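Undergrad: Contents of entry.cif (mmCIF, C-alpha atoms):
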data_protein
loop_
_atom_site.group_PDB
_atom_site.id
_atom_site.type_symbol
_atom_site.label_atom_id
_atom_site.label_comp_id
_atom_site.auth_asym_id
_atom_site.auth_seq_id
_atom_site.Cartn_x
_atom_site.Cartn_y
_atom_site.Cartn_z
ATOM 1 C CA MET A 1 8.384 146.578 71.396
ATOM 2 C CA SER A 2 8.954 144.152 68.542
ATOM 3 C CA ASN A 3 8.361 140.419 68.795
ATOM 4 C CA THR A 4 11.381 138.715 70.426
ATOM 5 C CA GLN A 5 11.635 135.875 67.889
ATOM 6 C CA SER A 6 11.439 138.286 64.983
ATOM 7 C CA MET A 7 14.229 140.417 66.479
ATOM 8 C CA ILE A 8 16.407 137.314 66.995
ATOM 9 C CA PHE A 9 15.981 136.529 63.276
ATOM 10 C CA THR A 10 17.154 140.062 62.451
ATOM 11 C CA ILE A 11 20.249 139.777 64.685
ATOM 12 C CA TYR A 12 21.164 136.380 63.209
ATOM 13 C CA GLY A 13 20.669 137.740 59.699
ATOM 14 C CA ASP A 14 22.594 140.984 60.077
ATOM 15 C CA TYR A 15 25.289 140.016 62.605
ATOM 16 C CA ILE A 16 25.659 136.415 63.784
ATOM 17 C CA ARG A 17 25.673 134.914 60.271
ATOM 18 C CA HIS A 18 28.957 136.775 59.645
ATOM 19 C CA TYR A 19 30.503 135.288 62.813
ATOM 20 C CA GLY A 20 30.070 131.577 62.170
ATOM 21 C CA ASN A 21 26.272 131.521 62.713
ATOM 22 C CA LYS A 22 26.731 130.500 66.360
ATOM 23 C CA ILE A 23 26.272 132.389 69.637
ATOM 24 C CA TRP A 24 26.200 131.685 73.372
ATOM 25 C CA ILE A 25 22.710 132.186 74.799
ATOM 26 C CA GLY A 26 24.119 134.608 77.412
ATOM 27 C CA SER A 27 25.480 136.876 74.657
ATOM 28 C CA LEU A 28 22.168 136.754 72.804
ATOM 29 C CA ILE A 29 20.312 137.693 76.000
ATOM 30 C CA ARG A 30 22.753 140.590 76.506
ATOM 31 C CA LEU A 31 22.163 141.880 72.950
ATOM 32 C CA LEU A 32 18.371 141.580 73.179
ATOM 33 C CA LYS A 33 18.395 143.457 76.501
ATOM 34 C CA GLU A 34 19.219 146.602 74.492
ATOM 35 C CA PHE A 35 15.718 146.378 72.956
ATOM 36 C CA GLY A 36 13.911 145.710 76.233
ATOM 37 C CA HIS A 37 13.567 141.919 75.862
ATOM 38 C CA ASN A 38 14.126 139.994 79.106
ATOM 39 C CA GLU A 39 15.982 136.708 79.589
ATOM 40 C CA GLN A 40 12.836 134.579 79.812
ATOM 41 C CA SER A 41 11.370 135.930 76.543
ATOM 42 C CA VAL A 42 14.687 135.232 74.737
ATOM 43 C CA ARG A 43 14.869 131.649 76.052
ATOM 44 C CA VAL A 44 11.223 130.984 75.104
ATOM 45 C CA ALA A 45 11.768 132.421 71.602
ATOM 46 C CA VAL A 46 14.965 130.378 71.063
ATOM 47 C CA SER A 47 13.181 127.213 72.190
ATOM 48 C CA ARG A 48 10.364 127.938 69.733
ATOM 49 C CA MET A 49 12.844 128.554 66.909
ATOM 50 C CA MET A 50 14.415 125.147 67.609
ATOM 51 C CA LYS A 51 11.010 123.451 67.409
ATOM 52 C CA GLN A 52 10.351 125.261 64.117
ATOM 53 C CA GLY A 53 13.618 123.944 62.659
ATOM 54 C CA TRP A 54 15.515 127.259 62.462
ATOM 55 C CA LEU A 55 18.079 126.676 65.232
ATOM 56 C CA GLU A 56 20.113 123.854 66.778
ATOM 57 C CA SER A 57 22.040 123.867 70.040
ATOM 58 C CA GLU A 58 25.252 122.440 71.453
ATOM 59 C CA LYS A 59 26.781 122.410 74.928
ATOM 60 C CA LYS A 60 30.344 123.466 75.727
ATOM 61 C CA GLY A 61 30.983 122.979 79.409
ATOM 62 C CA ASN A 62 28.041 124.577 81.150
ATOM 63 C CA LYS A 63 27.279 126.959 78.260
ATOM 64 C CA SER A 64 24.610 126.467 75.572
ATOM 65 C CA TYR A 65 25.350 127.734 72.065
ATOM 66 C CA TYR A 66 22.746 128.178 69.327
ATOM 67 C CA PHE A 67 23.387 128.067 65.606
ATOM 68 C CA LEU A 68 21.318 128.160 62.427
ATOM 69 C CA THR A 69 20.222 124.874 60.867
ATOM 70 C CA GLU A 70 20.865 124.288 57.184
ATOM 71 C CA ARG A 71 17.321 125.477 56.518
ATOM 72 C CA GLY A 72 17.910 128.544 58.703
ATOM 73 C CA GLU A 73 21.120 129.405 56.872
ATOM 74 C CA ALA A 74 19.397 129.083 53.493
ATOM 75 C CA ARG A 75 16.546 131.362 54.603
ATOM 76 C CA MET A 76 18.951 133.974 55.995
ATOM 77 C CA GLU A 77 21.017 133.959 52.811
ATOM 78 C CA GLU A 78 17.932 134.371 50.616
ATOM 79 C CA ALA A 79 16.606 137.165 52.858
ATOM 80 C CA ALA A 80 19.961 138.981 52.944
ATOM 81 C CA ILE A 81 20.303 138.912 49.154
ATOM 82 C CA ARG A 82 16.839 140.439 48.801
ATOM 83 C CA ILE A 83 17.271 143.022 51.596
ATOM 84 C CA PHE A 84 20.638 144.318 50.384
ATOM 85 C CA LYS A 85 19.921 144.181 46.652
ATOM 86 C CA LEU A 86 19.281 147.859 46.088
ATOM 87 C CA MET A 87 18.132 147.986 42.474
ATOM 88 C CA PRO A 88 15.615 145.760 40.634
ATOM 89 C CA ASN A 89 16.858 142.975 38.344
ATOM 90 C CA ASP A 90 16.585 142.944 34.558
ATOM 91 C CA TRP A 91 13.833 140.666 33.292
ATOM 92 C CA ASP A 92 14.280 137.667 30.994
ATOM 93 C CA GLY A 93 10.702 138.104 29.698
ATOM 94 C CA LYS A 94 9.460 134.810 31.171
ATOM 95 C CA TRP A 95 6.794 134.084 33.769
ATOM 96 C CA ARG A 96 7.025 131.312 36.362
ATOM 97 C CA MET A 97 3.618 129.815 37.022
ATOM 98 C CA LEU A 98 2.766 127.414 39.833
ATOM 99 C CA MET A 99 -0.664 125.784 39.781
ATOM 100 C CA TYR A 100 -1.966 123.476 42.486
ATOM 101 C CA THR A 101 -5.070 121.622 43.608
ATOM 102 C CA ILE A 102 -4.297 120.608 47.179
ATOM 103 C CA PRO A 103 -7.216 118.711 48.780
ATOM 104 C CA GLU A 104 -9.172 120.096 51.733
ATOM 105 C CA GLU A 105 -7.781 117.513 54.173
ATOM 106 C CA LYS A 106 -4.335 119.013 53.507
ATOM 107 C CA ARG A 107 -5.557 122.553 54.142
ATOM 108 C CA GLN A 108 -2.759 123.285 56.649
ATOM 109 C CA ILE A 109 -0.110 122.455 54.025
ATOM 110 C CA ARG A 110 -1.952 124.651 51.515
ATOM 111 C CA ASP A 111 -1.980 127.583 53.959
ATOM 112 C CA GLU A 112 1.734 127.130 54.758
ATOM 113 C CA LEU A 113 2.559 126.938 51.046
ATOM 114 C CA ARG A 114 0.707 130.202 50.374
ATOM 115 C CA LYS A 115 2.755 131.979 53.046
ATOM 116 C CA GLU A 116 6.008 130.604 51.588
ATOM 117 C CA LEU A 117 5.022 131.637 48.053
ATOM 118 C CA LEU A 118 4.194 135.178 49.182
ATOM 119 C CA TRP A 119 7.523 135.390 51.011
ATOM 120 C CA SER A 120 9.405 134.244 47.903
ATOM 121 C CA GLY A 121 7.691 136.940 45.814
ATOM 122 C CA PHE A 122 4.933 135.040 44.006
ATOM 123 C CA GLY A 123 1.648 136.831 43.330
ATOM 124 C CA SER A 124 -1.804 135.265 43.506
ATOM 125 C CA PHE A 125 -3.009 135.519 39.905
ATOM 126 C CA SER A 126 -6.143 133.444 40.491
ATOM 127 C CA ASN A 127 -7.325 130.752 42.881
ATOM 128 C CA GLY A 128 -4.634 128.040 42.971
ATOM 129 C CA CYS A 129 -2.455 129.843 40.407
ATOM 130 C CA TRP A 130 0.640 131.820 41.437
ATOM 131 C CA ILE A 131 2.982 133.749 39.139
ATOM 132 C CA SER A 132 6.369 135.455 39.291
ATOM 133 C CA PRO A 133 8.646 137.068 36.682
ATOM 134 C CA ASN A 134 11.695 136.141 38.782
ATOM 135 C CA ASN A 135 13.848 133.040 38.431
ATOM 136 C CA LEU A 136 12.464 131.065 41.386
ATOM 137 C CA GLU A 137 12.739 127.504 40.060
ATOM 138 C CA LYS A 138 15.075 126.473 42.890
ATOM 139 C CA GLU A 139 12.706 127.847 45.546
ATOM 140 C CA VAL A 140 9.703 126.123 43.944
ATOM 141 C CA GLN A 141 11.450 122.745 43.799
ATOM 142 C CA PHE A 142 12.442 123.145 47.450
ATOM 143 C CA LEU A 143 8.817 123.856 48.467
ATOM 144 C CA ILE A 144 7.452 120.925 46.443
ATOM 145 C CA LYS A 145 9.907 118.604 48.158
ATOM 146 C CA LYS A 146 9.428 120.144 51.611
ATOM 147 C CA TYR A 147 5.623 119.759 51.586
ATOM 148 C CA GLU A 148 5.620 116.515 49.530
ATOM 149 C CA ILE A 149 3.038 117.876 47.085
ATOM 150 C CA GLN A 150 4.456 116.461 43.835
ATOM 151 C CA THR A 151 1.078 114.922 42.887
ATOM 152 C CA TYR A 152 -0.849 118.184 43.390
ATOM 153 C CA VAL A 153 1.212 120.781 41.527
ATOM 154 C CA ASP A 154 2.261 121.809 38.022
ATOM 155 C CA PHE A 155 5.026 124.320 37.361
ATOM 156 C CA PHE A 156 5.541 126.229 34.091
ATOM 157 C CA VAL A 157 8.108 128.665 32.739
ATOM 158 C CA SER A 158 6.307 130.518 29.937
ATOM 159 C CA GLU A 159 5.751 133.721 27.982
ATOM 160 C CA TYR A 160 2.580 135.770 28.167
ATOM 161 C CA LYS A 161 1.006 136.308 24.749
ATOM 162 C CA GLY A 162 -1.821 138.629 25.691
ATOM 163 C CA PRO A 163 -4.407 139.929 25.128
ATOM 164 C CA GLN A 164 -3.397 142.309 27.978
ATOM 165 C CA ALA A 165 0.039 143.792 28.628
ATOM 166 C CA ASN A 166 2.485 142.224 31.098
ATOM 167 C CA ARG A 167 1.954 145.151 33.464
ATOM 168 C CA GLU A 168 -1.735 144.285 33.691
ATOM 169 C CA LEU A 169 -0.755 140.836 34.992
ATOM 170 C CA VAL A 170 1.242 142.624 37.664
ATOM 171 C CA GLU A 171 -1.677 144.841 38.672
ATOM 172 C CA LYS A 172 -3.903 141.783 38.911
ATOM 173 C CA SER A 173 -1.444 139.788 41.051
ATOM 174 C CA TRP A 174 0.142 142.331 43.436
ATOM 175 C CA PRO A 175 -1.191 145.418 45.300
ATOM 176 C CA LEU A 176 1.572 147.702 43.993
ATOM 177 C CA GLN A 177 -0.081 150.965 45.096
ATOM 178 C CA GLU A 178 -0.374 149.650 48.643
ATOM 179 C CA ILE A 179 3.290 148.526 48.631
ATOM 180 C CA ASP A 180 4.387 151.902 47.235
ATOM 181 C CA GLY A 181 2.461 153.600 50.056
ATOM 182 C CA LYS A 182 4.333 151.500 52.651
ATOM 183 C CA TYR A 183 7.645 152.546 51.098
ATOM 184 C CA LYS A 184 6.554 156.213 51.283
ATOM 185 C CA GLU A 185 5.827 155.743 55.018
ATOM 186 C CA PHE A 186 9.276 154.185 55.511
ATOM 187 C CA ILE A 187 10.927 157.114 53.680
ATOM 188 C CA SER A 188 8.987 159.678 55.686
ATOM 189 C CA THR A 189 9.922 158.103 59.047
ATOM 190 C CA TYR A 190 13.537 157.168 58.359
ATOM 191 C CA SER A 191 14.704 160.168 56.328
ATOM 192 C CA GLU A 192 14.005 162.388 59.345
ATOM 193 C CA GLN A 193 15.724 159.949 61.735
ATOM 194 C CA TYR A 194 18.697 159.654 59.366
ATOM 195 C CA ILE A 195 19.329 163.416 59.452
ATOM 196 C CA VAL A 196 19.009 163.547 63.265
ATOM 197 C CA HIS A 197 21.393 160.600 63.769
ATOM 198 C CA GLN A 198 23.874 161.916 61.215
ATOM 199 C CA SER A 199 24.077 165.146 63.203
ATOM 200 C CA MET A 200 24.385 163.277 66.548
ATOM 201 C CA ILE A 201 27.161 160.982 65.240
ATOM 202 C CA ASN A 202 29.070 163.949 63.801
ATOM 203 C CA ASP A 203 28.909 165.601 67.238
ATOM 204 C CA GLY A 204 29.903 162.389 69.053
ATOM 205 C CA ARG A 205 26.530 162.174 70.823
ATOM 206 C CA MET A 206 25.644 158.563 69.922
ATOM 207 C CA THR A 207 27.128 155.559 71.688
ATOM 208 C CA ASP A 208 28.069 152.318 69.913
ATOM 209 C CA ALA A 209 25.191 150.598 71.741
ATOM 210 C CA GLU A 210 22.719 153.190 70.426
ATOM 211 C CA CYS A 211 24.055 152.706 66.876
ATOM 212 C CA PHE A 212 23.613 148.943 67.324
ATOM 213 C CA VAL A 213 19.982 149.434 68.349
ATOM 214 C CA GLU A 214 19.254 151.851 65.492
ATOM 215 C CA ARG A 215 20.936 149.743 62.796
ATOM 216 C CA THR A 216 19.129 146.615 64.002
ATOM 217 C CA ASN A 217 15.785 148.443 64.100
ATOM 218 C CA LEU A 218 16.436 149.820 60.612
ATOM 219 C CA VAL A 219 17.081 146.347 59.162
ATOM 220 C CA HIS A 220 14.172 144.956 61.184
ATOM 221 C CA GLU A 221 11.728 147.462 59.668
ATOM 222 C CA TYR A 222 13.159 147.283 56.151
ATOM 223 C CA ARG A 223 13.082 143.477 56.052
ATOM 224 C CA LYS A 224 9.287 143.585 56.528
ATOM 225 C CA PHE A 225 9.133 144.444 52.815
ATOM 226 C CA LEU A 226 10.223 140.828 52.158
ATOM 227 C CA PHE A 227 6.650 139.865 53.045
ATOM 228 C CA THR A 228 4.981 142.410 50.752
ATOM 229 C CA ASP A 229 7.318 143.480 47.931
ATOM 230 C CA PRO A 230 7.793 140.732 45.306
ATOM 231 C CA GLY A 231 11.009 142.339 44.009
ATOM 232 C CA LEU A 232 9.704 142.805 40.469
ATOM 233 C CA PRO A 233 12.110 143.561 37.611
ATOM 234 C CA LYS A 234 12.316 147.208 36.530
ATOM 235 C CA GLU A 235 10.437 146.528 33.273
ATOM 236 C CA LEU A 236 7.310 145.693 35.290
ATOM 237 C CA LEU A 237 7.474 148.494 37.861
ATOM 238 C CA PRO A 238 5.853 151.947 37.619
ATOM 239 C CA GLU A 239 8.144 154.684 36.286
ATOM 240 C CA ILE A 240 8.290 156.291 39.722
ATOM 241 C CA TRP A 241 8.673 153.517 42.302
ATOM 242 C CA SER A 242 9.192 154.497 45.952
ATOM 243 C CA GLY A 243 10.994 151.197 46.587
ATOM 244 C CA ASN A 244 14.026 152.556 44.720
ATOM 245 C CA HIS A 245 14.146 155.685 46.919
ATOM 246 C CA ALA A 246 13.653 153.619 50.073
ATOM 247 C CA ALA A 247 16.567 151.347 49.065
ATOM 248 C CA LEU A 248 18.874 154.340 48.615
ATOM 249 C CA LEU A 249 17.877 155.758 52.009
ATOM 250 C CA PHE A 250 18.357 152.337 53.606
ATOM 251 C CA GLU A 251 21.890 152.044 52.167
ATOM 252 C CA GLN A 252 22.975 155.506 53.337
ATOM 253 C CA TYR A 253 21.461 155.080 56.814
ATOM 254 C CA TYR A 254 22.884 151.559 57.205
ATOM 255 C CA LYS A 255 26.395 152.737 56.330
ATOM 256 C CA LEU A 256 26.096 155.656 58.752
ATOM 257 C CA LEU A 257 25.498 153.248 61.658
ATOM 258 C CA ALA A 258 27.420 150.185 60.463
ATOM 259 C CA GLN A 259 30.864 150.450 62.050
ATOM 260 C CA SER A 260 29.774 151.650 65.494
ATOM 261 C CA ALA A 261 27.007 149.035 65.614
ATOM 262 C CA SER A 262 29.445 146.238 64.715
ATOM 263 C CA LYS A 263 31.901 147.493 67.323
ATOM 264 C CA PHE A 264 29.258 147.115 70.044
ATOM 265 C CA PHE A 265 28.218 143.674 68.744
ATOM 266 C CA GLU A 266 31.856 142.486 68.800
ATOM 267 C CA GLU A 267 32.378 143.802 72.348
ATOM 268 C CA VAL A 268 29.508 141.591 73.525
ATOM 269 C CA PHE A 269 30.317 138.668 71.226
ATOM 270 C CA GLN A 270 34.051 138.311 71.896
ATOM 271 C CA GLU A 271 33.685 137.567 75.623
ATOM 272 C CA ASP A 272 32.272 134.026 75.355
ATOM 273 C CA ASN A 273 32.232 133.241 71.616
ATOM 274 C CA ASP A 274 34.795 132.368 68.975
ATOM 275 C CA MET A 275 35.847 135.505 67.071
ATOM 276 C CA ARG A 276 37.999 133.338 64.779
ATOM 277 C CA ARG A 277 34.793 132.253 63.043
ATOM 278 C CA LYS A 278 34.211 135.758 61.708
ATOM 279 C CA ASP A 279 34.035 135.855 57.888
ATOM 280 C CA LYS A 280 37.410 137.105 56.696
ATOM 281 C CA GLY A 281 35.888 139.223 53.930
ATOM 282 C CA TYR A 282 33.195 140.799 56.102
ATOM 283 C CA ASP A 283 33.304 144.557 56.577
ATOM 284 C CA ALA A 284 30.087 146.113 57.897
ATOM 285 C CA ASP A 285 30.868 149.394 56.134
ATOM 286 C CA ASP A 286 31.376 147.660 52.794
ATOM 287 C CA HIS A 287 28.603 145.074 53.119
ATOM 288 C CA PRO A 288 29.148 142.146 50.724
ATOM 289 C CA LEU A 289 25.507 142.236 49.655
ATOM 290 C CA LEU A 290 25.016 145.987 49.276
ATOM 291 C CA MET A 291 24.711 145.646 45.504
ATOM 292 C CA ASP A 292 24.134 148.794 43.467
#
Mind turning the file's structure into structure tokens?
TA:
Amino acid sequence: MSNTQSMIFTIYGDYIRHYGNKIWIGSLIRLLKEFGHNEQSVRVAVSRMMKQGWLESEKKGNKSYYFLTERGEARMEEAAIRIFKLMPNDWDGKWRMLMYTIPEEKRQIRDELRKELLWSGFGSFSNGCWISPNNLEKEVQFLIKKYEIQTYVDFFVSEYKGPQANRELVEKSWPLQEIDGKYKEFISTYSEQYIVHQSMINDGRMTDAECFVERTNLVHEYRKFLFTDPGLPKELLPEIWSGNHAALLFEQYYKLLAQSASKFFEEVFQEDNDMRRKDKGYDADDHPLLMD
């Protein structure tokens, strides 16, 4: 069974963010029950997410509602863009380089910063030096401000003039073979499940609740690549990159489950939440961020 907090992040990212970012705790408990999470584990996870600055709460009568903070919304938006962007970007030929010398007494900040940089797609080129070919200036400025490390960092946007090729920088900074292997595992597992579920749906043998569970699990597994795949531009990827095949499988599988899953979510959500907050342009079958 997956971690409760992690699953709550997935449900906020793939469902609740399209319905005003806010949900009654009772509805959240009902949704998480489908995955085997009990009421106590949901309440503990929500409380932890509030302490971590991801969620806020408000009372309406005797009901508690939870919604994403500004920071939570920003993280969900960034994650969604990366999850549903199916093909790699073109490259502008420039490298973003962040160098820091954070003192030992601020080791906790240094460790947190490393995790954030990995999540954003930076690679560890050498000790205290992180690089990315992607336009991450906004993310870097946010991290500098968040951790108050202005005096310890230098940030460059530059071109690499050799003596090696750009691809050798990539090999030095990211474990691409390992990431490709993870994508192959994803393809192996989910291509078989996709065929089985396609057949079951065609025969009317899958309930809306089951589609909700499968779509959520699919996104939950696929979003783990946010922590490993830097989202490199196509010019820097191997000619045969399993990430491209995994993205295509993800899109087809997601669309297979989308409508039925959303129908179940709305059945639970509409009882004690405000359906008027649903994004007017949102259609699960034609996801706004499924970008070819």
Undergrad: So, counting all atoms listed in the file, which residue among A:Trp24, A:Trp174, A:Tyr160, A:Tyr147 is closest to Gly231 of chain A?
TA: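 Once distances to Gly231 of chain A are computed over all atoms listed in the file, the minimum belongs to A:Trp174.
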Undergrad: Can you tell me, as a list in words, what residues are no more than 9 Å from Leu55 of chain A when counting all atoms listed in the file, ignoring any on the same chain fewer than 3 positions away?
TA: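 Final neighbour list, sorted by chain and number: Val46, Ser47, Met49, Met50, Lys51, Gln52, Tyr66, Phe67, Leu68, Thr69, Glu70, Arg71 and Gly72 of chain A.
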Undergrad: May I have the residues at most 12 Å from (11.8, 147.5, 60.5) in the file's coordinates, counting all atoms listed in the file, as number ranges by chain?
TA: A: 1-3, 6-7, 10, 83, 182-183, 185-187, 189-190, 213-227, 250
Undergrad: Using only C-alpha atoms for the distances, tell me which of A:Ile201, A:Leu249, A:Ile179, A:Val196 is nearest to Leu237 of chain A.
TA: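 Checking each of A:Ile201, A:Leu249, A:Ile179, A:Val196 against Leu237 of chain A, counting only C-alpha atoms, the winner is A:Ile179.
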Undergrad: Considering only C-alpha atoms, state which residue in the set A:Asp154, A:Asp92, A:Glu78, A:Asp283 is at the smallest distance from Glu235 of chain A.
TA: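 Comparing A:Asp154, A:Asp92, A:Glu78, A:Asp283 against Glu235 of chain A, the winner is A:Asp92.
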Undergrad: In Å to one decimal, how far is atom CA of Ala74 of chain A from atom CA of Lys280 of chain A?
TA: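 According to the coordinates, atom CA of Lys280 of chain A and atom CA of Ala74 of chain A are separated by 20.0 Å.
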Undergrad: Report, in Å to a single decimal, how far apart atom CA of Met87 of chain A and atom CA of Glu251 of chain A are.
TA: 11.2 Å
Undergrad: Please define a box with edges along x, y and z of the file around all atoms of segment 259-278 of chain A given in the file, extend it by 3 Å on each side, and return its centre and edge lengths in Å to one decimal, as lines of an AutoDock Vina configuration file.
TA:
center_x = 32.5
center_y = 142.0
center_z = 68.7
size_x = 17.0
size_y = 25.4
size_z = 19.9
Undergrad: Taking all atoms listed in the file into account, name the residue in A:Ala258, A:Ile131, A:Leu117, A:Val153 that is nearest to Ile102 of chain A.
TA: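 So, comparing all the options, the nearest one is A:Val153.
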Undergrad: Mind giving me the straight-line distance from atom CA of Lys59 of chain A to atom CA of Ile29 of chain A in Å, one decimal?
TA: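 Answer for the atom CA of Lys59 of chain A to atom CA of Ile29 of chain A separation: 16.6 Å.
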Undergrad: Which neighbours of Glu266 of chain A fall inside 10 Å, counting only C-alpha atoms, when residues of the same chain fewer than 5 positions from it are skipped, and could you give them as a PyMOL selection string?
TA: chain A and resi 15+19+260-261+271+273+275
Undergrad: Nearest residue to Ser158 of chain A out of A:Arg205, A:Arg96, A:Arg75, A:Lys184, using all atoms listed in the file?
TA: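 When distances to Ser158 of chain A are compared using all atoms listed in the file, the smallest one comes from A:Arg96.
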Undergrad: Rebuild segment 155-177 of chain A to N, CA and C atoms - output it as a PDB file, in the frame of the given file, please.
TA:
ATOM      1  N   PHE A 155       4.198 123.111  37.407  1.00  0.00           N
ATOM      2  CA  PHE A 155       5.026 124.320  37.361  1.00  0.00           C
ATOM      3  C   PHE A 155       5.439 124.598  35.917  1.00  0.00           C
ATOM      4  N   PHE A 156       5.229 125.846  35.470  1.00  0.00           N
ATOM      5  CA  PHE A 156       5.541 126.229  34.091  1.00  0.00           C
ATOM      6  C   PHE A 156       6.480 127.427  34.070  1.00  0.00           C
ATOM      7  N   VAL A 157       7.363 127.458  33.078  1.00  0.00           N
ATOM      8  CA  VAL A 157       8.108 128.665  32.739  1.00  0.00           C
ATOM      9  C   VAL A 157       7.640 129.039  31.341  1.00  0.00           C
ATOM     10  N   SER A 158       7.005 130.220  31.203  1.00  0.00           N
ATOM     11  CA  SER A 158       6.307 130.518  29.937  1.00  0.00           C
ATOM     12  C   SER A 158       6.373 132.001  29.588  1.00  0.00           C
ATOM     13  N   GLU A 159       5.878 132.326  28.404  1.00  0.00           N
ATOM     14  CA  GLU A 159       5.751 133.721  27.982  1.00  0.00           C
ATOM     15  C   GLU A 159       4.269 134.073  27.920  1.00  0.00           C
ATOM     16  N   TYR A 160       3.966 135.321  28.231  1.00  0.00           N
ATOM     17  CA  TYR A 160       2.580 135.770  28.167  1.00  0.00           C
ATOM     18  C   TYR A 160       2.318 136.381  26.793  1.00  0.00           C
ATOM     19  N   LYS A 161       1.293 135.861  26.119  1.00  0.00           N
ATOM     20  CA  LYS A 161       1.006 136.308  24.749  1.00  0.00           C
ATOM     21  C   LYS A 161      -0.264 137.155  24.646  1.00  0.00           C
ATOM     22  N   GLY A 162      -0.682 137.726  25.757  1.00  0.00           N
ATOM     23  CA  GLY A 162      -1.821 138.629  25.691  1.00  0.00           C
ATOM     24  C   GLY A 162      -3.138 137.985  26.074  1.00  0.00           C
ATOM     25  N   PRO A 163      -4.256 138.672  25.887  1.00  0.00           N
ATOM     26  CA  PRO A 163      -4.407 139.929  25.128  1.00  0.00           C
ATOM     27  C   PRO A 163      -4.004 141.196  25.885  1.00  0.00           C
ATOM     28  N   GLN A 164      -3.789 141.122  27.220  1.00  0.00           N
ATOM     29  CA  GLN A 164      -3.397 142.309  27.978  1.00  0.00           C
ATOM     30  C   GLN A 164      -1.875 142.480  27.927  1.00  0.00           C
ATOM     31  N   ALA A 165      -1.412 143.570  28.523  1.00  0.00           N
ATOM     32  CA  ALA A 165       0.039 143.792  28.628  1.00  0.00           C
ATOM     33  C   ALA A 165       0.559 143.109  29.898  1.00  0.00           C
ATOM     34  N   ASN A 166       1.878 142.858  29.914  1.00  0.00           N
ATOM     35  CA  ASN A 166       2.485 142.224  31.098  1.00  0.00           C
ATOM     36  C   ASN A 166       2.202 143.004  32.379  1.00  0.00           C
ATOM     37  N   ARG A 167       2.182 144.328  32.264  1.00  0.00           N
ATOM     38  CA  ARG A 167       1.954 145.151  33.464  1.00  0.00           C
ATOM     39  C   ARG A 167       0.560 144.925  34.048  1.00  0.00           C
ATOM     40  N   GLU A 168      -0.381 144.562  33.184  1.00  0.00           N
ATOM     41  CA  GLU A 168      -1.735 144.285  33.691  1.00  0.00           C
ATOM     42  C   GLU A 168      -1.761 142.998  34.508  1.00  0.00           C
ATOM     43  N   LEU A 169      -0.891 142.045  34.156  1.00  0.00           N
ATOM     44  CA  LEU A 169      -0.755 140.836  34.992  1.00  0.00           C
ATOM     45  C   LEU A 169      -0.254 141.220  36.380  1.00  0.00           C
ATOM     46  N   VAL A 170       0.682 142.160  36.395  1.00  0.00           N
ATOM     47  CA  VAL A 170       1.242 142.624  37.664  1.00  0.00           C
ATOM     48  C   VAL A 170       0.159 143.256  38.525  1.00  0.00           C
ATOM     49  N   GLU A 171      -0.625 144.151  37.916  1.00  0.00           N
ATOM     50  CA  GLU A 171      -1.677 144.841  38.672  1.00  0.00           C
ATOM     51  C   GLU A 171      -2.707 143.860  39.222  1.00  0.00           C
ATOM     52  N   LYS A 172      -2.930 142.784  38.491  1.00  0.00           N
ATOM     53  CA  LYS A 172      -3.903 141.783  38.911  1.00  0.00           C
ATOM     54  C   LYS A 172      -3.371 140.907  40.048  1.00  0.00           C
ATOM     55  N   SER A 173      -2.050 140.764  40.130  1.00  0.00           N
ATOM     56  CA  SER A 173      -1.444 139.788  41.051  1.00  0.00           C
ATOM     57  C   SER A 173      -0.818 140.391  42.301  1.00  0.00           C
ATOM     58  N   TRP A 174      -0.501 141.695  42.276  1.00  0.00           N
ATOM     59  CA  TRP A 174       0.142 142.331  43.436  1.00  0.00           C
ATOM     60  C   TRP A 174      -0.481 143.712  43.698  1.00  0.00           C
ATOM     61  N   PRO A 175      -0.644 144.085  44.964  1.00  0.00           N
ATOM     62  CA  PRO A 175      -1.191 145.418  45.300  1.00  0.00           C
ATOM     63  C   PRO A 175      -0.085 146.478  45.292  1.00  0.00           C
ATOM     64  N   LEU A 176       0.396 146.830  44.088  1.00  0.00           N
ATOM     65  CA  LEU A 176       1.572 147.702  43.993  1.00  0.00           C
ATOM     66  C   LEU A 176       1.371 149.068  44.634  1.00  0.00           C
ATOM     67  N   GLN A 177       0.160 149.646  44.499  1.00  0.00           N
ATOM     68  CA  GLN A 177      -0.081 150.965  45.096  1.00  0.00           C
ATOM     69  C   GLN A 177       0.063 150.919  46.619  1.00  0.00           C
TER      70      GLN A 177
END
